[in-house]
Amino acid sequence: MNNVQLKVVIVGTGYVGLSTGVCLAYLGHKVVCIDKNKKIIDTLKNGVATIYEPGLQDMMEKAKKNLIFTDTLEDAYPDTNVFIIAVGTPSKTNGDVNISAVEKVAEEIGDILNNNCRPVIVNKSTVPIGSARKVESVIKTRLARRDIQCKFFVASNPEFLREGVAIIDTLYPDRIVVGADETPAINTLRQLYEPILEQNFSLPLSFQRPAGFDKPSFIVTDPTSAELIKYAANSFLAMKISFINEFAGLAEKVGADIKQVAQGIGLDKRIGTRYLEAGLGWGGSCFGKDTRAIVYTASQYNYPMELIQAAIRVNYRQRLNVVEKLQSIIKVIRGSTIGLIGLSFKPNTDDLRDAPSIDIIKKLIELGARVKVYDPVALNEFKRQFSELAVEYCDNVQELSKNCDALVLITEWSEFSSIDWEKVRGLMRQKVFIDGRNMFDKAYLEKLGFTYQGVGR
Ligand SMILES: NC(=O)c1ccc[n+]([C@@H]2O[C@H](COP(=O)([O-])OP(=O)(O)OC[C@H]3O[C@@H](n4cnc5c(N)ncnc54)[C@H](O)[C@@H]3O)[C@@H](O)[C@H]2O)c1
């Protein structure tokens with residue numbers, strides 16, 4: 001391989017920053033990962049991954065000779081080629097995006113650049129239209145204060161990785177999008193991603209190239225289009241999920257099976273089978289935040305995004321449908337014991353941001369239920385973040401099932417496929433199961449005596 005080794009600084013070592021930093025180091029670049037949270041950095045310095053992401057720990061070990069963890073930008077290489085901003089961009093209450101962390105990082109970068117460097121500053125965080133310009137102006141202002149003549153470039157490089165498969169998505173992406181106005185920025189980012197674009201790195205054992213995977217496309221565009229690509233992609237996926245969930249509701253009314261409907265439409269290549277699984281709807285840090293953000297942006301132009309607004313409404317209605325199903329089966333929620341199987345917003349992550357479980361738990365508690373919860377990975381994170389919620393924590397599904405009037409599957413962790421339903425049946429007070437992810441065989445559970453309700457079946 002003839003890949004060029006670049007000096008890379010990544011600011012923000014959360015799901016995106018850490019996964020990206022570890023992969024870029026594995027691919028041969030020299031990487032400094034920075035986070036303002038000292039606890040995160042101390043843990044990473046001890047060689048321990050701070051997020052749950054399959055294979056990340058192992059990749060960190062393999063890449064360690066190229067990785068430095070620190071809590072200050074002062075430790076950046078003086079001749080850094082690429083700064084990647086990967087800090088959080090949470091929602092404001094009105095749906096707009098709070099980019100103060102991005103601006104803060106831009107200020108800090110502006111404060112350390114020197115006269116001789118020509119770095120590319122990359123917005124990898126999901127940021128609203130105009131953020132590349134904003135970052136550029138913040139850095140220019142800081143440089144002017146110190147009278148530094150550094151020629152730097154700003155590029156938008158949105159991230160499309162999914163939590164739970166972040167390493168696979170980073171090494172084998174469908175496309176890499178770069179929004180930049182100047183050729184040196186594009187060239188440097190092409191060098192950064194060369195091993196991925198050419199697929200000429202040595203494959204990590206646990207992350208073999210997916211069958212049929214070809215080289216990813218490298219899409220070069222202007223910064224505004226790159227910023228919009230990210231929001232359009234997430235809005236489309238969110239809409240697809242809400243689409244199938246809306247049809248799931250109708251399927252329940254007319255007596256159709258949404259799984260078969262989804263297969264019947266998904267095999268049409270124009271539609272595709274992915275993101276067509278009816279369930280409790282989307283959660284996580286991105287779809288909710290990004291759909292609200294684009295609706296907000298459009299509203300500033302007096303342009304209502306009707307489809308996206310409907311997708312948001314359908315998504316949150318879907319969560320409360322679970323409670324309505326419980327009410328229609330067990331009738332009285334007050335005094336009933338409900339067990340939630342799974343808490344994270346999807347399997348293979350401990351991320352609880354905007355997780356359907358939280359809304360469902362709050363509603364059940366409000367209605368007077370006793371709520372028990374279990375998750376194979378996210379339980380500790382849940383205890384930490386939601387200690388105010390009066391729930392009972394359980395160590396496994398059997399403990400969870402004891403004396404429950406109903407169980408609700410929230411997250412389709414693969415380990416749940418081996419639940420011993422005969423045992424569970426004997427532990428419950430009433431045999432009611434709401435399969436929020438259509439994971440189980442309805443006929444089998446009904447044969448065991450369960451009242452089974454899936455989504456759209
Ligand atoms: N999580 C995903 O699946 C995903 C996928 C694609 C894009 N994104 C986008 O990527 C961005 C990051 O998301 P995430 O999930 O990795 O966030 P995260 O909350 O997991 O991580 C952000 C990290 O940035 C650190 N940070 C904040 N301000 C800082 C500063 N001034 N200096 C140094 N560190 C700072 C925080 O301490 C935190 O560790 C967001 O804009 C998000 O929308 C996320």
# chains A, B, ... in the order shown; residues from 1 in each chain; ligands from 1
$ residues_near_ligand --ligand "ligand 1" --cutoff "9 Å" --atoms "only C-alpha atoms and all ligand atoms" --output "count of residues only"
56
$ select_by_dssp --residues "range 201-323 of chain A" --states "strand (DSSP E or B)" --output "list in words"
Ser217, Phe218, Ile219, Val220 and Thr221 of chain A
$ residues_around --residues "Gly283 in chain A" --least-positions-apart "6" --cutoff "9 Å" --atoms "only C-alpha atoms" --output "MDAnalysis selection string"
chainID A and resid 315 344:346 352:356
$ atom_distance --atom1 "CA of Thr337 in chain A" --atom2 "CA of Val371 in chain A"
5.8 Å
$ atom_distance --atom1 "CA of Ala406 in chain A" --atom2 "CA of Ile338 in chain A"
5.1 Å
$ atom_distance --atom1 "CA of Glu412 in chain A" --atom2 "CA of Lys269 in chain A"
26.0 Å
